[in-house]
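One file, target23.cif, is given below (mmCIF, C-alpha atoms).
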data_my_file
#
loop_
_atom_site.label_atom_id
_atom_site.label_comp_id
_atom_site.auth_asym_id
_atom_site.auth_seq_id
_atom_site.Cartn_x
_atom_site.Cartn_y
_atom_site.Cartn_z
CA MET B 1 0.00 0.00 0.00
CA SER B 2 2.77 2.43 0.88
CA CYS B 3 4.37 1.55 -2.47
CA GLU B 4 1.31 2.90 -4.30
CA LYS B 5 1.40 6.00 -2.14
CA GLN B 6 5.10 6.45 -2.91
CA ILE B 7 4.43 6.13 -6.65
CA ALA B 8 1.60 8.66 -6.40
CA MET B 9 3.77 11.16 -4.53
CA LEU B 10 6.64 10.66 -6.96
CA ARG B 11 4.22 11.32 -9.80
CA ARG B 12 3.23 14.68 -8.33
CA LEU B 13 6.90 15.50 -7.89
CA GLN B 14 7.63 14.50 -11.49
CA GLU B 15 4.81 16.75 -12.72
CA MET B 16 5.90 19.82 -10.82
CA GLU B 17 9.59 19.32 -11.51
CA PHE B 18 8.81 18.93 -15.20
CA VAL B 19 7.11 22.34 -15.17
CA ALA B 20 10.30 23.75 -13.64
CA VAL B 21 12.52 22.00 -16.23
CA GLU B 22 10.43 23.33 -19.14
CA LEU B 23 10.42 26.88 -17.80
CA ASN B 24 14.14 26.63 -16.99
CA LEU B 25 14.98 25.76 -20.61
CA TYR B 26 12.61 28.42 -21.92
CA LEU B 27 14.19 31.06 -19.69
CA ASP B 28 17.69 30.12 -20.87
CA THR B 29 16.72 31.52 -24.26
CA HIS B 30 14.20 34.10 -22.98
CA PRO B 31 15.92 35.46 -19.85
CA CYS B 32 13.84 38.67 -19.82
CA ASP B 33 10.44 36.98 -19.76
CA THR B 34 9.25 38.04 -16.31
CA GLU B 35 5.98 36.13 -16.60
CA ALA B 36 7.94 32.93 -17.10
CA ILE B 37 10.22 33.81 -14.17
CA ASN B 38 7.17 34.28 -11.97
CA ASP B 39 5.77 30.91 -13.03
CA TYR B 40 9.13 29.24 -12.46
CA ASN B 41 9.28 30.64 -8.94
CA CYS B 42 5.74 29.39 -8.26
CA ALA B 43 6.84 25.94 -9.40
CA VAL B 44 9.89 26.08 -7.13
CA GLU B 45 7.71 26.94 -4.16
CA ARG B 46 5.31 24.09 -4.85
CA LEU B 47 8.19 21.71 -5.47
CA ARG B 48 9.82 22.52 -2.13
CA LYS B 49 6.63 21.60 -0.29
CA LEU B 50 6.17 18.38 -2.26
CA LYS B 51 9.79 17.33 -1.68
CA LYS B 52 9.55 17.97 2.04
CA GLU B 53 6.38 15.86 2.25
CA TYR B 54 7.95 13.06 0.26
CA GLU B 55 11.19 12.99 2.22
CA GLU B 56 9.42 12.95 5.57
CA GLN B 57 7.79 9.67 4.54
CA PHE B 58 10.23 7.97 2.22
CA GLY B 59 13.67 9.33 3.03
CA MET B 60 16.21 11.41 1.12
CA LEU B 61 15.46 12.27 -2.48
CA MET B 62 18.88 13.79 -3.23
CA HIS B 63 22.39 13.16 -1.99
CA PHE B 64 25.45 15.25 -1.15
CA GLY B 65 23.51 17.57 1.09
CA HIS B 66 20.87 18.60 -1.44
CA GLY B 67 18.09 16.47 -0.01
CA GLY B 68 16.55 16.69 3.41
CA TYR B 69 18.02 15.40 6.65
CA SER B 70 18.62 11.71 7.00
CA ASP B 71 16.73 9.71 9.60
CA ARG B 72 18.94 9.62 12.71
CA ASN B 73 18.86 5.85 13.04
CA GLU B 74 19.10 4.80 9.41
CA TRP B 75 20.96 6.23 6.40
CA SER B 76 17.85 6.64 4.24
CA TRP B 77 19.74 7.41 1.04
CA VAL B 78 20.60 3.76 0.38
CA LYS B 79 16.99 2.65 0.72
CA GLY B 80 15.17 1.33 -2.29
CA PRO B 81 13.27 1.18 -4.44
CA TRP B 82 15.64 2.79 -6.93
CA PRO B 83 14.03 4.66 -9.82
CA TRP B 84 14.37 1.93 -12.45
CA GLU B 85 12.61 -0.48 -10.09
CA VAL B 86 9.57 1.72 -9.59
CA MET J 1 3.53 45.57 -14.86
CA LYS J 2 1.01 44.21 -12.36
CA LYS J 3 2.46 41.38 -10.24
CA LYS J 4 0.83 38.11 -11.26
CA THR J 5 -0.21 35.71 -8.50
CA TYR J 6 -1.22 32.58 -10.35
CA PRO J 7 1.18 30.81 -12.71
CA MET J 8 -0.07 29.84 -16.15
CA TRP J 9 0.40 26.15 -15.45
CA GLN J 10 -1.90 26.12 -12.40
CA ASN J 11 -4.95 23.87 -12.69
CA ASP J 12 -6.93 24.62 -9.52
CA GLU J 13 -10.69 25.06 -9.87
CA ASP J 14 -10.39 28.81 -9.44
CA MET J 15 -7.49 29.04 -11.85
CA ASP J 16 -6.90 32.59 -12.86
CA TYR J 17 -4.63 32.95 -15.86
CA MET J 18 -2.86 36.18 -16.63
CA ASP J 19 -4.95 39.21 -17.63
CA SER J 20 -5.63 39.09 -21.34
CA GLY J 21 -3.75 41.63 -23.34
CA GLU J 22 -0.62 41.64 -21.22
CA MET J 23 1.80 40.23 -23.73
CA ALA J 24 4.90 41.55 -22.06
CA MET J 25 7.18 38.85 -23.47
CA GLY J 26 6.70 40.20 -26.99
CA GLN J 27 8.49 43.40 -26.02
CA SER J 28 11.44 41.64 -24.46
CA MET J 29 12.00 39.74 -27.69
CA ALA J 30 12.11 42.85 -29.86
CA SER J 31 15.73 43.59 -29.05
CA GLU J 32 16.65 39.97 -29.71
CA THR J 33 15.23 39.94 -33.24
CA CYS J 34 16.29 43.36 -34.52
CA MET J 35 19.12 41.94 -36.66
CA PRO J 36 17.96 41.10 -40.17
CA MET J 37 18.22 37.50 -41.28
CA MET J 38 21.34 36.72 -43.27
CA LEU J 39 21.85 34.40 -46.19
CA ALA J 40 23.42 31.05 -45.41
CA HIS J 41 22.13 31.23 -41.84
CA ALA J 42 19.40 29.09 -40.34
CA TYR J 43 16.71 30.47 -38.02
CA VAL J 44 13.76 29.16 -36.08
CA PRO J 45 10.77 31.33 -35.17
CA TRP J 46 10.89 32.58 -31.57
CA GLN J 47 8.45 30.96 -29.21
CA PHE J 48 6.42 33.20 -26.88
CA TYR J 49 5.03 31.88 -23.59
CA ASP J 50 1.38 32.81 -23.24
CA ASN J 51 -0.28 29.51 -22.46
CA ALA J 52 0.55 26.37 -20.55
CA PHE J 53 -0.76 22.85 -20.05
CA CYS J 54 -1.47 21.89 -16.47
CA PRO J 55 1.35 19.87 -14.87
CA GLN J 56 -0.45 16.52 -15.30
CA GLU J 57 -1.03 17.03 -19.01
CA ALA J 58 2.44 18.51 -19.52
CA LEU J 59 4.16 15.42 -18.13
CA VAL J 60 2.06 13.08 -20.28
CA LYS J 61 2.64 15.10 -23.44
CA GLY J 62 6.31 15.91 -22.84
CA THR J 63 5.95 19.67 -23.00
CA LEU J 64 4.42 22.50 -20.97
CA PHE J 65 3.65 24.52 -24.10
CA PRO J 66 0.57 23.86 -26.26
CA GLU J 67 2.22 25.53 -29.23
CA LEU J 68 5.02 22.94 -29.20
CA TRP J 69 2.58 20.01 -29.19
CA GLY J 70 1.48 18.86 -32.63
CA VAL J 71 4.05 20.80 -34.65
CA TYR J 72 5.15 17.36 -35.78
CA PRO J 73 2.52 14.61 -36.28
CA ILE J 74 2.18 12.71 -33.01
CA PRO J 75 3.51 9.19 -33.59
CA ASP J 76 1.09 6.40 -32.71
CA MET U 1 28.98 19.60 -10.58
CA TRP U 2 26.25 16.97 -10.87
CA ILE U 3 23.76 15.97 -8.24
CA TYR U 4 21.48 12.97 -8.47
CA GLU U 5 17.81 12.93 -7.69
CA LYS U 6 16.42 9.50 -6.87
CA LYS U 7 13.52 9.71 -9.28
CA MET U 8 12.93 9.38 -13.02
CA GLU U 9 12.13 12.56 -14.94
CA ALA U 10 8.97 10.90 -16.22
CA PRO U 11 7.33 7.50 -15.57
CA VAL U 12 8.82 4.51 -17.39
CA ARG U 13 6.37 1.63 -17.76
CA VAL U 14 5.91 -1.44 -19.96
CA CYS U 15 2.93 -3.75 -20.42
CA ARG U 16 5.12 -6.85 -20.65
CA PRO U 17 8.77 -7.89 -21.12
CA ASP U 18 9.94 -7.93 -24.73
CA VAL U 19 13.61 -8.74 -25.27
CA LYS U 20 13.37 -8.26 -29.03
CA PHE U 21 12.15 -4.70 -28.52
CA ALA U 22 14.77 -4.08 -25.85
CA LYS U 23 17.40 -4.86 -28.48
CA MET U 24 15.96 -1.99 -30.53
CA VAL U 25 15.50 0.43 -27.65
CA ILE U 26 19.17 0.05 -26.67
CA SER U 27 19.99 2.19 -29.72
CA GLN U 28 18.84 5.19 -27.69
CA TYR U 29 21.21 4.17 -24.89
CA GLY U 30 24.50 3.70 -26.77
CA GLY U 31 23.70 4.45 -30.39
CA PRO U 32 24.83 7.41 -32.51
CA ASP U 33 21.63 9.38 -31.93
CA GLY U 34 21.00 8.16 -28.41
CA GLU U 35 20.84 9.96 -25.10
CA LEU U 36 24.45 9.30 -24.09
CA SER U 37 25.68 10.89 -27.31
CA ALA U 38 23.34 13.83 -26.78
CA SER U 39 24.35 14.52 -23.20
CA LEU U 40 28.11 14.22 -23.78
CA ARG U 41 27.88 16.32 -26.93
CA TYR U 42 26.11 19.22 -25.19
CA LEU U 43 28.03 19.05 -21.92
CA ASN U 44 31.30 19.07 -23.82
CA GLN U 45 30.41 21.87 -26.24
CA ARG U 46 29.48 24.31 -23.49
CA TYR U 47 33.14 25.02 -22.64
CA SER U 48 33.75 26.71 -25.97
CA MET U 49 30.55 28.72 -26.28
CA PRO U 50 30.73 32.51 -26.27
CA THR U 51 27.63 33.60 -24.34
CA ASP U 52 26.31 32.80 -20.84
CA LYS U 53 22.86 31.96 -22.21
CA ILE U 54 24.23 29.22 -24.43
CA LYS U 55 26.49 27.84 -21.69
CA ALA U 56 23.38 27.61 -19.50
CA LEU U 57 21.25 26.00 -22.19
CA LEU U 58 23.85 23.37 -23.09
CA THR U 59 24.40 22.58 -19.40
CA ASP U 60 20.66 22.23 -18.80
CA ILE U 61 19.80 20.20 -21.88
CA GLY U 62 22.93 18.06 -21.41
CA THR U 63 21.80 17.33 -17.87
CA GLU U 64 18.28 16.51 -18.99
CA GLU U 65 19.69 14.08 -21.56
CA LEU U 66 21.43 12.17 -18.75
CA ALA U 67 17.97 11.83 -17.19
CA HIS U 68 16.67 10.53 -20.51
CA MET U 69 19.50 8.02 -20.70
CA GLU U 70 18.37 6.81 -17.29
CA MET U 71 14.82 6.42 -18.63
CA ILE U 72 16.06 4.33 -21.55
CA ALA U 73 18.06 2.18 -19.12
CA ALA U 74 14.93 1.68 -17.03
CA LEU U 75 12.95 0.78 -20.16
CA VAL U 76 15.49 -1.87 -21.19
CA TYR U 77 15.62 -3.12 -17.59
CA LYS U 78 11.86 -3.62 -17.56
CA LEU U 79 11.71 -5.09 -21.07
CA THR U 80 14.27 -7.75 -20.08
CA ASP U 81 12.95 -8.31 -16.58
CA GLY U 82 13.03 -12.04 -15.77
CA ALA U 83 14.32 -12.99 -19.21
CA SER U 84 16.35 -16.18 -19.46
CA SER U 85 19.18 -17.06 -21.82
CA GLU U 86 16.55 -18.77 -24.00
CA ASP U 87 14.54 -15.55 -24.19
CA PHE U 88 17.63 -13.66 -25.31
CA LYS U 89 18.40 -16.30 -27.94
CA ALA U 90 14.84 -16.28 -29.22
CA ALA U 91 15.04 -12.50 -29.52
CA GLY U 92 18.28 -12.65 -31.51
CA TRP U 93 20.14 -10.92 -28.69
CA GLU U 94 22.31 -13.85 -27.59
CA GLY U 95 25.44 -11.71 -28.00
CA GLN U 96 24.14 -9.35 -25.33
CA TRP U 97 23.40 -12.27 -23.00
CA THR U 98 26.82 -13.81 -23.56
CA GLN U 99 28.80 -10.68 -22.87
CA HIS U 100 26.56 -8.92 -20.35
CA ASP U 101 23.87 -11.18 -18.86
CA HIS U 102 21.33 -8.67 -17.54
CA ALA U 103 23.82 -5.82 -17.40
CA LEU U 104 23.15 -2.87 -19.62
CA PHE U 105 25.79 -1.71 -22.03
CA TRP U 106 26.23 1.12 -24.50
CA THR U 107 25.73 -0.27 -27.97
CA ASP U 108 23.45 0.53 -30.88
CA ALA U 109 20.65 -1.78 -32.11
CA ASN U 110 23.21 -3.82 -34.04
CA GLY U 111 25.58 -4.32 -31.11
CA VAL U 112 28.11 -1.72 -32.28
CA PRO U 113 29.64 -0.18 -29.16
CA TRP U 114 29.30 3.53 -28.41
CA SER U 115 32.01 5.77 -29.79
CA ALA U 116 33.12 9.36 -29.37
CA LYS U 117 33.04 9.43 -33.19
CA TYR U 118 29.29 10.05 -32.81
CA ILE U 119 30.04 13.46 -31.35
CA ALA U 120 31.40 16.61 -32.96
CA ALA U 121 32.75 19.75 -31.34
CA LEU U 122 34.36 22.12 -33.79
CA GLY U 123 34.54 25.12 -31.48
CA ASP U 124 32.53 27.31 -33.82
CA PRO U 125 29.25 28.22 -32.10
CA ILE U 126 27.18 28.15 -35.29
CA THR U 127 28.65 24.83 -36.43
CA ASP U 128 28.17 23.23 -33.04
CA LEU U 129 24.59 24.45 -32.55
CA VAL U 130 23.59 23.26 -36.02
CA GLU U 131 25.13 19.87 -35.13
CA ASP U 132 23.00 19.89 -31.96
CA MET U 133 19.85 20.65 -33.94
CA ALA U 134 20.63 17.82 -36.35
CA ALA U 135 21.16 15.51 -33.38
CA GLU U 136 17.72 16.37 -31.98
CA GLN U 137 16.07 15.64 -35.32
CA LYS U 138 17.86 12.31 -35.61
CA ALA U 139 16.76 11.36 -32.13
CA ARG U 140 13.19 12.39 -32.94
CA SER U 141 13.18 10.18 -36.03
CA THR U 142 14.65 7.26 -34.10
CA TYR U 143 11.90 7.56 -31.49
CA GLU U 144 9.32 7.52 -34.29
CA HIS U 145 10.84 4.28 -35.56
CA LEU U 146 10.75 2.74 -32.09
CA ILE U 147 7.17 3.82 -31.38
CA ALA U 148 6.04 2.29 -34.68
CA ALA U 149 7.86 -0.96 -33.91
CA THR U 150 5.92 -1.90 -30.76
CA ASP U 151 2.31 -2.32 -29.71
CA ASP U 152 3.11 -1.98 -26.01
CA GLU U 153 1.01 1.06 -25.13
CA LEU U 154 2.89 1.88 -21.93
CA ALA U 155 6.28 1.70 -23.64
CA LYS U 156 4.89 3.88 -26.44
CA ALA U 157 3.81 6.49 -23.90
CA THR U 158 7.32 6.61 -22.40
CA LEU U 159 8.90 6.88 -25.84
CA ARG U 160 6.43 9.57 -26.90
CA PHE U 161 7.50 11.71 -23.94
CA LEU U 162 11.11 11.37 -25.07
CA TRP U 163 10.07 12.08 -28.68
CA GLU U 164 8.43 15.37 -27.71
CA ARG U 165 11.48 16.40 -25.65
CA GLU U 166 13.53 16.26 -28.84
CA VAL U 167 11.09 18.64 -30.54
CA VAL U 168 11.36 21.10 -27.63
CA HIS U 169 15.15 20.85 -27.53
CA PHE U 170 15.29 21.57 -31.26
CA GLN U 171 13.29 24.75 -30.65
CA ARG U 172 15.64 25.82 -27.84
CA PHE U 173 18.81 25.16 -29.83
CA GLY U 174 17.23 27.02 -32.74
CA GLU U 175 16.61 30.02 -30.53
CA ALA U 176 20.19 29.80 -29.25
CA LEU U 177 21.38 29.69 -32.86
CA ASN U 178 19.29 32.80 -33.70
CA ASP U 179 20.94 34.49 -30.76
CA VAL U 180 24.54 33.47 -31.43
CA GLN U 181 24.25 34.43 -35.10
CA ASP U 182 23.14 37.91 -34.02
CA TRP U 183 25.96 37.99 -31.49
CA MET U 184 28.57 37.03 -34.05
CA ALA U 185 27.31 39.63 -36.50
CA LYS U 186 27.45 42.33 -33.81
CA SER U 187 30.88 41.34 -32.47
CA LYS U 188 32.81 42.81 -35.34
CA HIS U 189 36.15 41.62 -34.03
CA VAL U 190 34.90 38.07 -34.57
CA TRP U 191 33.11 38.43 -37.87
CA CYS U 192 31.77 41.33 -39.90
CA GLY U 193 28.17 40.77 -41.01
CA CYS U 194 26.05 43.47 -42.63
CA ASP U 195 28.25 46.56 -42.21
CA ARG U 196 30.02 46.36 -45.53
CA GLU U 197 30.83 50.14 -45.64
CA GLU U 198 32.97 49.90 -42.48
CA LYS U 199 34.91 46.95 -43.84
CA GLU U 200 35.64 48.72 -47.12
CA ASP U 201 36.99 51.79 -45.29
CA LYS U 202 39.84 49.78 -43.75
#
Go ahead and express the file in the form of structure tokens.
Amino acid sequence: MSCEKQIAMLRRLQEMEFVAVELNLYLDTHPCDTEAINDYNCAVERLRKLKKEYEEQFGMLMHFGHGGYSDRNEWSWVKGPWPWEV
Amino acid sequence: MKKKTYPMWQNDEDMDYMDSGEMAMGQSMASETCMPMMLAHAYVPWQFYDNAFCPQEALVKGTLFPELWGVYPIPD
Amino acid sequence: MWIYEKKMEAPVRVCRPDVKFAKMVISQYGGPDGELSASLRYLNQRYSMPTDKIKALLTDIGTEELAHMEMIAALVYKLTDGASSEDFKAAGWEGQWTQHDHALFWTDANGVPWSAKYIAALGDPITDLVEDMAAEQKARSTYEHLIAATDDELAKATLRFLWEREVVHFQRFGEALNDVQDWMAKSKHVWCGCDREEKEDK
């Protein structure tokens, strides 16, 4: 059951991060488009919340200090499933 | 320019896209396209961001931008 | 520097294993127009680009292509999930089984290993961006071939996502090309474009 929940949360993360990726690429060639900058920042804000929610339940999403804190008793980074297994 | 609250990709029930008529991006592009096109040079038309799929549809389609979907026939 | 996020860019799903199709999909892993070629090409070219915007674009698209390579790896992983040596033989992929078992490896659909010969970097911004645009078109065409070659609807959906990304990347590189061509015309010390009178005065 928690696997389905994990997949559902990852899906929401994928959706919001994809918005950020698309706007990021667009802004690289349109750096003065303030509307796009605003929308990118909205995506970043939403993404931060989604990542925090995900990591609280399923452990670190990114390594090298970019993800959240590790669980004190268990190094959550090594935990599966890994993305190609999902 | 009035500060916009809702992003164009938002899909909440009370979604409120940007005020119509505010095509600010067009102006920012003017300085980028003032050079005339030269022979033996390739160009693509500039894209302008004034519409967006919602995040769910964007991920399925592979783009946030409706104007970039269907420019090539969708393979089935 | 690169950081890894433990998540695919987009969902990778298959309806059922299909080793024969995996042998075709691997072309987008280690083939000439595959995602490894794309990412290394763009990440390498950015060092010799003249403007910050293009350095950013090549970094970002090059990074996204690594994520696409991961998606192709996941697709092949799922298409060969649980396959035995007999399955590989029946699919005409016994060479892969012999040399790699279930390990992935960078080859094209004919088993030809990946090569840096697939990549060009001439140091001229126009040349290199046009090469990048050609690469995106070749990848788009290859995805069309793959989508037509399967009836697995979930695999098609994954490949269609990757297909559309090539279209978007082509647009971005095109815009970068527009920009760098303007830049080169304006930077007279590099190349003199439309101001013929000035050139004749010298």
(message) Suppose a student applies the PyMOL selection byres ((chain J and resi 76) around 8) to this structure; what residues should they get, written as a PyMOL selection string?
(response) (chain J and resi 74-75) or (chain U and resi 147-148+156)
(request) Take CA of Asp152 in chain U and CA of Lys23 in chain U and report the distance between them in Å, one decimal. (result)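 A separation of 14.8 Å between them.
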(request) Can you work out which one of U:His145, U:Lys55, U:Lys78, U:His102 has the shortest atom-to-atom distance to Ala176 in chain U, counting all atoms listed in the file? (result) U:Lys55
(message) Please list as a ChimeraX atom specification every residue within 12 Å of Leu79 in chain U, counting all atoms listed in the file and excluding residues in the same chain fewer than 2 positions away.
(response) /B:84-85 /U:12-26,72-77,81-83,87-88,91,102,104,150,152,154-155
(request) Check what the PyMOL selection byres ((chain J) within 12 of (chain U)) selects in the file above and give those residues as a PyMOL selection string. (result) chain J and resi 29+31-48+55-76
Given all atoms listed in the file, how would the per-residue table for chain B near chain J read, listing every residue at most 8 Å away with its closest atom pair and distance in Å to one decimal, sorted by chain and number, as a tab-separated table?
residue	atom	partner	partner_atom	distance
B:Gln14	CA	J:Leu59	CA	7.5
B:Glu15	CA	J:Pro55	CA	5.1
B:Met16	CA	J:Pro55	CA	6.1
B:Phe18	CA	J:Leu59	CA	6.5
B:Val19	CA	J:Pro55	CA	6.3
B:Glu22	CA	J:Leu64	CA	6.3
B:His30	CA	J:Met29	CA	7.7
B:Cys32	CA	J:Ser28	CA	6.0
B:Asp33	CA	J:Met25	CA	5.3
B:Thr34	CA	J:Met25	CA	7.5
B:Glu35	CA	J:Met25	CA	7.5
B:Ala36	CA	J:Tyr49	CA	7.2
B:Asn38	CA	J:Pro7	CA	7.0
B:Asp39	CA	J:Pro7	CA	4.6
B:Cys42	CA	J:Pro7	CA	6.5
(request) Would you mind telling me which residue in U:Ala116, U:Leu57, U:Leu122, U:Ala90 lies nearest to Leu27 in chain B when using all atoms listed in the file? (result) U:Leu57
